[in-house]
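As structure tokens, the structure follows; a few thoughts come after it.
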Amino acid sequence: MKKEEPNIITEPDQNMAQEEMTVELELDEGIVTCSVVTIFSVGEKDYIALLPLSENSDNEDGSVWIYGYSENPDDPNEEPELRYIEDEEEYEQASDAFDEYLDSCEFDEIL
């Protein structure tokens with residue numbers, strides 16, 4: 001998990017299939033292109049799982065970044081906001097929910 005507040009600097013490409021949606025984040029070390037894995041909820045909070053991509057559009061180390069996620073319901077054209085999850089318990093809950101999502105995807109592939 002990254003320890004900095006990211007800024008989304010481009011909107012997701014709406015012409016791509018959902019599983020291929022990407023965003024570019026402006027982080028302290030520079031701009032990182034990420035594939036959006038999923039947006040999910042835990043309780044009343046939303047989260048986003050991002051797969052950071054290399055220059056070759058690969059994820060070489062298998063890392064996934066999880067951030068808090070929110071959209072402005074009054075302005076759907078406004079950029080979504082991502083927030084670093086500082087609370088360890090909240091991060092664990094989001095991580096567990098993401099693991100359950102991955103398990104359900106694997107189960108769906110078997111069927």
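All residue names refer to the structure tokens as shown: chains lettered A, B, ... in order, residues numbered from 1 in each chain, ligands numbered from 1 in order.
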Backbone-only DSSP, strand (DSSP E) members of region 25-107 of chain A, as a PyMOL selection string
chain A and resi 25-27+30-42+45-52+65-70+81-83
Write out as a PyMOL selection string which residues come within 9 Å of region 94-102 of chain A when counting only C-alpha atoms, dropping same-chain ones fewer than 2 positions away.
chain A and resi 38+40-42+46-47+49+66-68+89-92+104-107
If you keep N, CA, C and O atoms, can you produce a file of those selected residues as a PDB file, in the first residue's frame?
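Final file, result.pdb:
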```pdb
ATOM      1  N   THR A  38     -11.019  -3.183  -9.295  1.00  0.00           N
ATOM      2  CA  THR A  38     -12.423  -3.106  -8.898  1.00  0.00           C
ATOM      3  C   THR A  38     -12.616  -1.943  -7.935  1.00  0.00           C
ATOM      4  O   THR A  38     -11.660  -1.465  -7.320  1.00  0.00           O
ATOM      5  N   PHE A  40     -15.084  -1.349  -4.629  1.00  0.00           N
ATOM      6  CA  PHE A  40     -15.903  -2.174  -3.751  1.00  0.00           C
ATOM      7  C   PHE A  40     -16.232  -1.417  -2.475  1.00  0.00           C
ATOM      8  O   PHE A  40     -15.611  -0.397  -2.165  1.00  0.00           O
ATOM      9  N   SER A  41     -17.209  -1.919  -1.747  1.00  0.00           N
ATOM     10  CA  SER A  41     -17.650  -1.277  -0.510  1.00  0.00           C
ATOM     11  C   SER A  41     -17.401  -2.191   0.677  1.00  0.00           C
ATOM     12  O   SER A  41     -17.501  -3.409   0.574  1.00  0.00           O
ATOM     13  N   VAL A  42     -17.102  -1.565   1.798  1.00  0.00           N
ATOM     14  CA  VAL A  42     -17.032  -2.235   3.088  1.00  0.00           C
ATOM     15  C   VAL A  42     -17.834  -1.342   4.028  1.00  0.00           C
ATOM     16  O   VAL A  42     -17.434  -0.206   4.282  1.00  0.00           O
ATOM     17  N   ASP A  46     -16.359   3.252   0.441  1.00  0.00           N
ATOM     18  CA  ASP A  46     -15.955   2.676  -0.833  1.00  0.00           C
ATOM     19  C   ASP A  46     -14.434   2.674  -0.937  1.00  0.00           C
ATOM     20  O   ASP A  46     -13.749   3.555  -0.399  1.00  0.00           O
ATOM     21  N   TYR A  47     -13.935   1.675  -1.660  1.00  0.00           N
ATOM     22  CA  TYR A  47     -12.502   1.506  -1.866  1.00  0.00           C
ATOM     23  C   TYR A  47     -12.244   1.166  -3.325  1.00  0.00           C
ATOM     24  O   TYR A  47     -13.130   0.699  -4.036  1.00  0.00           O
ATOM     25  N   ALA A  49      -9.246  -0.821  -5.819  1.00  0.00           N
ATOM     26  CA  ALA A  49      -8.039  -1.639  -5.908  1.00  0.00           C
ATOM     27  C   ALA A  49      -7.377  -1.340  -7.249  1.00  0.00           C
ATOM     28  O   ALA A  49      -8.021  -1.437  -8.297  1.00  0.00           O
ATOM     29  N   ILE A  66      -4.563  -0.414  -2.502  1.00  0.00           N
ATOM     30  CA  ILE A  66      -5.951  -0.190  -2.097  1.00  0.00           C
ATOM     31  C   ILE A  66      -6.042   1.196  -1.473  1.00  0.00           C
ATOM     32  O   ILE A  66      -5.281   1.519  -0.555  1.00  0.00           O
ATOM     33  N   TYR A  67      -6.968   1.983  -1.982  1.00  0.00           N
ATOM     34  CA  TYR A  67      -7.211   3.329  -1.482  1.00  0.00           C
ATOM     35  C   TYR A  67      -8.682   3.481  -1.147  1.00  0.00           C
ATOM     36  O   TYR A  67      -9.537   2.796  -1.711  1.00  0.00           O
ATOM     37  N   GLY A  68      -8.969   4.430  -0.251  1.00  0.00           N
ATOM     38  CA  GLY A  68     -10.345   4.854  -0.065  1.00  0.00           C
ATOM     39  C   GLY A  68     -10.784   5.574  -1.330  1.00  0.00           C
ATOM     40  O   GLY A  68      -9.960   6.185  -2.028  1.00  0.00           O
ATOM     41  N   GLU A  89      -6.806  -1.041  11.112  1.00  0.00           N
ATOM     42  CA  GLU A  89      -8.003  -1.880  11.140  1.00  0.00           C
ATOM     43  C   GLU A  89      -8.871  -1.665   9.891  1.00  0.00           C
ATOM     44  O   GLU A  89      -9.357  -2.630   9.293  1.00  0.00           O
ATOM     45  N   GLU A  90      -9.007  -0.412   9.485  1.00  0.00           N
ATOM     46  CA  GLU A  90      -9.775  -0.128   8.262  1.00  0.00           C
ATOM     47  C   GLU A  90      -9.101  -0.752   7.049  1.00  0.00           C
ATOM     48  O   GLU A  90      -9.757  -1.342   6.197  1.00  0.00           O
ATOM     49  N   TYR A  91      -7.757  -0.656   6.991  1.00  0.00           N
ATOM     50  CA  TYR A  91      -7.035  -1.252   5.869  1.00  0.00           C
ATOM     51  C   TYR A  91      -7.225  -2.767   5.840  1.00  0.00           C
ATOM     52  O   TYR A  91      -7.437  -3.347   4.773  1.00  0.00           O
ATOM     53  N   GLU A  92      -7.158  -3.396   6.999  1.00  0.00           N
ATOM     54  CA  GLU A  92      -7.345  -4.854   7.067  1.00  0.00           C
ATOM     55  C   GLU A  92      -8.744  -5.254   6.582  1.00  0.00           C
ATOM     56  O   GLU A  92      -8.893  -6.251   5.874  1.00  0.00           O
ATOM     57  N   SER A 104     -14.092 -14.851  -5.114  1.00  0.00           N
ATOM     58  CA  SER A 104     -15.333 -15.012  -5.883  1.00  0.00           C
ATOM     59  C   SER A 104     -15.033 -15.009  -7.377  1.00  0.00           C
ATOM     60  O   SER A 104     -15.703 -15.726  -8.134  1.00  0.00           O
ATOM     61  N   CYS A 105     -14.033 -14.246  -7.810  1.00  0.00           N
ATOM     62  CA  CYS A 105     -13.665 -14.249  -9.225  1.00  0.00           C
ATOM     63  C   CYS A 105     -13.112 -15.610  -9.622  1.00  0.00           C
ATOM     64  O   CYS A 105     -13.446 -16.129 -10.689  1.00  0.00           O
ATOM     65  N   GLU A 106     -12.288 -16.195  -8.791  1.00  0.00           N
ATOM     66  CA  GLU A 106     -11.738 -17.521  -9.084  1.00  0.00           C
ATOM     67  C   GLU A 106     -12.836 -18.553  -9.111  1.00  0.00           C
ATOM     68  O   GLU A 106     -12.851 -19.446  -9.962  1.00  0.00           O
ATOM     69  N   PHE A 107     -13.805 -18.469  -8.204  1.00  0.00           N
ATOM     70  CA  PHE A 107     -14.920 -19.392  -8.171  1.00  0.00           C
ATOM     71  C   PHE A 107     -15.762 -19.256  -9.436  1.00  0.00           C
ATOM     72  O   PHE A 107     -16.154 -20.250 -10.051  1.00  0.00           O
TER      73      PHE A 107
END
```
So how far away is CA of Gly43 (chain A) from CA of Pro73 (chain A), in Å?
17.9 Å
